[in-house]
$ cat start10.pdb   # PDB, C-alpha atoms
ATOM      1  CA  MET A   1       0.000   0.000   0.000
ATOM      2  CA  LEU A   2       1.379   3.439  -0.911
ATOM      3  CA  GLY A   3       0.569   6.687   0.890
ATOM      4  CA  ASP A   4       1.749   9.677  -1.149
ATOM      5  CA  GLU A   5       1.980  13.218   0.269
ATOM      6  CA  ALA A   6       1.922  11.612   3.707
ATOM      7  CA  GLN A   7       2.856  14.931   5.354
ATOM      8  CA  ASP A   8      -0.680  16.189   4.590
ATOM      9  CA  ILE A   9      -2.754  13.079   4.977
ATOM     10  CA  ASN A  10      -6.280  12.755   6.290
ATOM     11  CA  PRO A  11      -6.289  11.181   9.792
ATOM     12  CA  VAL A  12      -8.626   8.411   8.588
ATOM     13  CA  ILE A  13      -6.260   7.438   5.765
ATOM     14  CA  ALA A  14      -3.304   7.621   8.175
ATOM     15  CA  GLY A  15      -5.162   5.210  10.453
ATOM     16  CA  LEU A  16      -5.856   2.832   7.564
ATOM     17  CA  LEU A  17      -2.168   2.819   6.595
ATOM     18  CA  ALA A  18      -1.160   2.085  10.197
ATOM     19  CA  GLN A  19      -3.750  -0.678  10.445
ATOM     20  CA  GLN A  20      -2.544  -2.323   7.225
ATOM     21  CA  ALA A  21       1.054  -2.188   8.475
ATOM     22  CA  ALA A  22      -0.045  -3.779  11.758
ATOM     23  CA  TYR A  23      -1.622  -6.635   9.744
ATOM     24  CA  GLY A  24       1.706  -7.214   7.994
ATOM     25  CA  MET A  25       0.910  -5.587   4.670
ATOM     26  CA  GLY A  26       3.809  -3.763   3.038
ATOM     27  CA  VAL A  27       3.240  -0.028   3.422
ATOM     28  CA  VAL A  28       5.262   2.736   1.789
ATOM     29  CA  VAL A  29       4.703   6.369   2.697
ATOM     30  CA  CYS A  30       6.399   9.258   0.986
ATOM     31  CA  GLY A  31       6.292  13.000   1.428
ATOM     32  CA  ASP A  32       8.135  15.980   2.833
ATOM     33  CA  GLY A  33       7.327  17.316   6.285
ATOM     34  CA  HIS A  34       8.608  20.737   5.175
ATOM     35  CA  GLN A  35       5.728  20.883   2.689
ATOM     36  CA  MET A  36       2.880  20.371   5.127
ATOM     37  CA  LEU A  37       0.177  22.833   4.062
ATOM     38  CA  TYR A  38      -3.144  21.563   5.353
ATOM     39  CA  ARG A  39      -2.773  21.185   9.116
ATOM     40  CA  PHE A  40      -5.333  24.000   9.458
ATOM     41  CA  ARG A  41      -7.971  21.654   8.038
ATOM     42  CA  GLY A  42      -7.027  18.649  10.163
ATOM     43  CA  ALA A  43      -4.307  16.959   8.117
ATOM     44  CA  VAL A  44      -1.644  15.024  10.004
ATOM     45  CA  ASP A  45       2.004  14.331   9.224
ATOM     46  CA  ALA A  46       1.940  10.543   8.919
ATOM     47  CA  LEU A  47       5.706  10.583   8.320
ATOM     48  CA  ASP A  48       6.107  11.151  12.080
ATOM     49  CA  ALA A  49       3.723   8.364  13.094
ATOM     50  CA  PRO A  50       4.982   6.078  15.882
ATOM     51  CA  TRP A  51       4.397   2.938  13.786
ATOM     52  CA  LEU A  52       7.081   4.205  11.352
ATOM     53  CA  ALA A  53       9.759   4.567  14.053
ATOM     54  CA  ASP A  54      11.734   1.564  12.752
ATOM     55  CA  ALA A  55      10.989   2.111   9.063
ATOM     56  CA  GLU A  56      13.666   2.216   6.403
ATOM     57  CA  VAL A  57      14.084   5.863   5.333
ATOM     58  CA  HIS A  58      15.348   7.223   2.021
ATOM     59  CA  TYR A  59      15.805  10.903   1.125
ATOM     60  CA  LEU A  60      15.440  12.487  -2.292
ATOM     61  CA  THR A  61      17.919  15.361  -2.077
ATOM     62  CA  GLN A  62      18.628  15.855  -5.777
ATOM     63  CA  SER A  63      16.240  17.212  -8.379
ATOM     64  CA  PHE A  64      16.323  18.076 -12.055
ATOM     65  CA  ARG A  65      13.268  20.337 -11.559
ATOM     66  CA  PHE A  66      15.375  23.328 -10.497
ATOM     67  CA  GLY A  67      18.916  24.575 -10.786
ATOM     68  CA  PRO A  68      21.658  25.330  -8.254
ATOM     69  CA  ALA A  69      20.508  28.871  -7.413
ATOM     70  CA  ALA A  70      17.017  27.727  -6.426
ATOM     71  CA  ALA A  71      18.563  24.896  -4.398
ATOM     72  CA  HIS A  72      20.804  27.403  -2.619
ATOM     73  CA  VAL A  73      17.821  29.551  -1.575
ATOM     74  CA  ALA A  74      15.880  26.458  -0.511
ATOM     75  CA  ASN A  75      18.828  25.261   1.565
ATOM     76  CA  MET A  76      19.039  28.624   3.341
ATOM     77  CA  LEU A  77      15.333  28.486   4.224
ATOM     78  CA  LEU A  78      15.474  24.846   5.270
ATOM     79  CA  HIS A  79      18.470  25.586   7.482
ATOM     80  CA  PHE A  80      16.238  27.860   9.599
ATOM     81  CA  LYS A  81      13.854  24.924  10.022
ATOM     82  CA  GLY A  82      16.694  22.759  11.333
ATOM     83  CA  GLU A  83      17.166  20.667   8.195
ATOM     84  CA  ARG A  84      20.700  19.284   7.888
ATOM     85  CA  ARG A  85      20.447  17.556   4.518
ATOM     86  CA  GLN A  86      21.353  19.744   1.533
ATOM     87  CA  LEU A  87      19.340  19.866  -1.679
ATOM     88  CA  ALA A  88      21.144  19.724  -5.005
ATOM     89  CA  GLY A  89      19.531  21.443  -7.974
ATOM     90  CA  LEU A  90      20.611  19.468 -11.022
ATOM     91  CA  GLY A  91      18.391  21.294 -13.514
ATOM     92  CA  GLN A  92      19.273  24.187 -15.770
ATOM     93  CA  GLN A  93      21.071  27.186 -14.343
ATOM     94  CA  THR A  94      18.629  29.456 -12.549
ATOM     95  CA  ARG A  95      18.798  33.065 -11.419
ATOM     96  CA  ILE A  96      17.205  34.404  -8.265
ATOM     97  CA  ALA A  97      16.438  38.116  -7.920
ATOM     98  CA  LYS A  98      15.664  39.908  -4.667
ATOM     99  CA  THR A  99      13.322  42.387  -6.364
ATOM    100  CA  LEU A 100      11.484  42.686  -9.656
ATOM    101  CA  PRO A 101      11.798  45.678 -11.987
ATOM    102  CA  ALA A 102       9.174  48.267 -11.070
ATOM    103  CA  ASP A 103       7.968  48.645 -14.676
ATOM    104  CA  LEU A 104       6.709  45.079 -15.123
ATOM    105  CA  GLU A 105       3.169  45.151 -16.472
ATOM    106  CA  HIS A 106       2.151  41.708 -15.214
ATOM    107  CA  TRP A 107       3.579  39.508 -12.506
ATOM    108  CA  ALA A 108       2.545  36.757 -10.132
ATOM    109  CA  ILE A 109       3.013  35.996  -6.459
ATOM    110  CA  LEU A 110       3.720  32.369  -5.600
ATOM    111  CA  CYS A 111       3.211  31.347  -1.994
ATOM    112  CA  ARG A 112       4.393  28.275  -0.142
ATOM    113  CA  THR A 113       1.401  28.148   2.180
ATOM    114  CA  VAL A 114      -2.315  28.794   1.924
ATOM    115  CA  VAL A 115      -2.050  31.481   4.592
ATOM    116  CA  GLY A 116       0.666  33.155   2.493
ATOM    117  CA  VAL A 117      -1.773  33.384  -0.418
ATOM    118  CA  ILE A 118      -4.436  34.920   1.797
ATOM    119  CA  GLU A 119      -2.025  37.430   3.371
ATOM    120  CA  ALA A 120      -0.669  38.507  -0.028
ATOM    121  CA  ALA A 121      -4.184  38.924  -1.427
ATOM    122  CA  LEU A 122      -5.331  41.005   1.539
ATOM    123  CA  ALA A 123      -2.261  43.243   1.323
ATOM    124  CA  TRP A 124      -2.826  43.931  -2.374
ATOM    125  CA  VAL A 125      -6.587  44.469  -2.015
ATOM    126  CA  GLU A 126      -5.828  47.180   0.544
ATOM    127  CA  THR A 127      -3.783  49.048  -2.103
ATOM    128  CA  GLY A 128      -6.700  48.952  -4.558
ATOM    129  CA  ALA A 129      -4.932  46.544  -6.890
ATOM    130  CA  LYS A 130      -6.895  43.994  -8.884
ATOM    131  CA  ILE A 131      -6.071  40.429  -7.940
ATOM    132  CA  PHE A 132      -6.781  37.182  -9.767
ATOM    133  CA  TRP A 133      -6.708  33.634  -8.449
ATOM    134  CA  VAL A 134      -5.220  30.827 -10.525
ATOM    135  CA  GLY A 135      -6.003  27.306  -9.425
TER     136      GLY A 135
END
$ encode --input "start10.pdb" --output "structure tokens"
Amino acid sequence: MLGDEAQDINPVIAGLLAQQAAYGMGVVVCGDGHQMLYRFRGAVDALDAPWLADAEVHYLTQSFRFGPAAAHVANMLLHFKGERRQLAGLGQQTRIAKTLPADLEHWAILCRTVVGVIEAALAWVETGAKIFWVG
């Protein structure tokens, strides 16, 4: 049995995975505790479940989805969360800017958390800006 995105799993599904493991069924859970987004709606981080205490653990620390610059920024942020493993960005070279040019006609704000989306939207609505939701 496979539980994907186990850092944001419904408590009922987490219980079913634990029950299947207790019955001897092979259970694999994968996810990233740093990407937990839905605790506010009752999700649990099944990766920290007691029944996984003796589980074999593997880490995916290399990705072709982003380049070294994005990995560097991610590693700085993860360091503040206490993460010791370093990410390696094996994708194309990337550039990270601290600010955008003021004369851009269109741009987007990407947020890591749902609350970040809400805070950004409220801040821009207060300025009278038009906002649009994608997704």
$ residues_near_point --input "start10.pdb" --point "(15.3, 36.6, -7.4)" --cutoff "12 Å" --atoms "all atoms listed in the file" --output "list of chain:residue names"
A:Ala69, A:Ala70, A:His72, A:Val73, A:Thr94, A:Arg95, A:Ile96, A:Ala97, A:Lys98, A:Thr99, A:Leu100, A:Pro101
$ resolve_selection --input "start10.pdb" --expression "the PyMOL selection byres ((chain A and resi 29) around 7)" --output "PyMOL selection string"
chain A and resi 2-4+6+27-28+30-31
$ closest_residue --input "start10.pdb" --among "A:Thr61, A:Gln93, A:Asn10, A:Gln19" --to "Asp32 (chain A)" --atoms "all atoms listed in the file"
A:Thr61
$ resolve_selection --input "start10.pdb" --expression "the PyMOL selection byres ((chain A and resi 12-15) around 9)" --output "JSON list (two decimals) with C-alpha atoms, in the frame of the given file"
[["chain", "number", "residue", "atom", "x", "y", "z"],
["A", 3, "GLY", "CA", 0.57, 6.69, 0.89],
["A", 6, "ALA", "CA", 1.92, 11.61, 3.71],
["A", 9, "ILE", "CA", -2.75, 13.08, 4.98],
["A", 10, "ASN", "CA", -6.28, 12.76, 6.29],
["A", 11, "PRO", "CA", -6.29, 11.18, 9.79],
["A", 16, "LEU", "CA", -5.86, 2.83, 7.56],
["A", 17, "LEU", "CA", -2.17, 2.82, 6.60],
["A", 18, "ALA", "CA", -1.16, 2.08, 10.20],
["A", 19, "GLN", "CA", -3.75, -0.68, 10.44],
["A", 20, "GLN", "CA", -2.54, -2.32, 7.22],
["A", 44, "VAL", "CA", -1.64, 15.02, 10.00],
["A", 45, "ASP", "CA", 2.00, 14.33, 9.22],
["A", 46, "ALA", "CA", 1.94, 10.54, 8.92],
["A", 49, "ALA", "CA", 3.72, 8.36, 13.09]]
$ residues_around --input "start10.pdb" --residues "Leu77 (chain A)" --least-positions-apart "4" --cutoff "12 Å" --atoms "all atoms listed in the file" --output "ChimeraX atom specification"
/A:34,70-73,81-84,86-87,112
$ atom_distance --input "start10.pdb" --atom1 "CA of Gly33 (chain A)" --atom2 "CA of Ala123 (chain A)"
28.1 Å
$ atom_distance --input "start10.pdb" --atom1 "CA of Ala21 (chain A)" --atom2 "CA of Ala55 (chain A)"
10.8 Å
$ resolve_selection --input "start10.pdb" --expression "the PyMOL selection byres ((chain A and resi 114) around 12)" --output "mmCIF file with C-alpha atoms, in the frame of the given file"
data_model
loop_
_atom_site.group_PDB
_atom_site.id
_atom_site.type_symbol
_atom_site.label_atom_id
_atom_site.label_comp_id
_atom_site.auth_asym_id
_atom_site.auth_seq_id
_atom_site.Cartn_x
_atom_site.Cartn_y
_atom_site.Cartn_z
ATOM 1 C CA GLN A 35 5.728 20.883 2.689
ATOM 2 C CA MET A 36 2.880 20.371 5.127
ATOM 3 C CA LEU A 37 0.177 22.833 4.062
ATOM 4 C CA TYR A 38 -3.144 21.563 5.353
ATOM 5 C CA ARG A 39 -2.773 21.185 9.116
ATOM 6 C CA PHE A 40 -5.333 24.000 9.458
ATOM 7 C CA ARG A 41 -7.971 21.654 8.038
ATOM 8 C CA LEU A 110 3.720 32.369 -5.600
ATOM 9 C CA CYS A 111 3.211 31.347 -1.994
ATOM 10 C CA ARG A 112 4.393 28.275 -0.142
ATOM 11 C CA THR A 113 1.401 28.148 2.180
ATOM 12 C CA VAL A 115 -2.050 31.481 4.592
ATOM 13 C CA GLY A 116 0.666 33.155 2.493
ATOM 14 C CA VAL A 117 -1.773 33.384 -0.418
ATOM 15 C CA ILE A 118 -4.436 34.920 1.797
ATOM 16 C CA GLU A 119 -2.025 37.430 3.371
ATOM 17 C CA ALA A 120 -0.669 38.507 -0.028
ATOM 18 C CA ALA A 121 -4.184 38.924 -1.427
#
$ atom_distance --input "start10.pdb" --atom1 "CA of Ala129 (chain A)" --atom2 "CA of Asp103 (chain A)"
15.2 Å
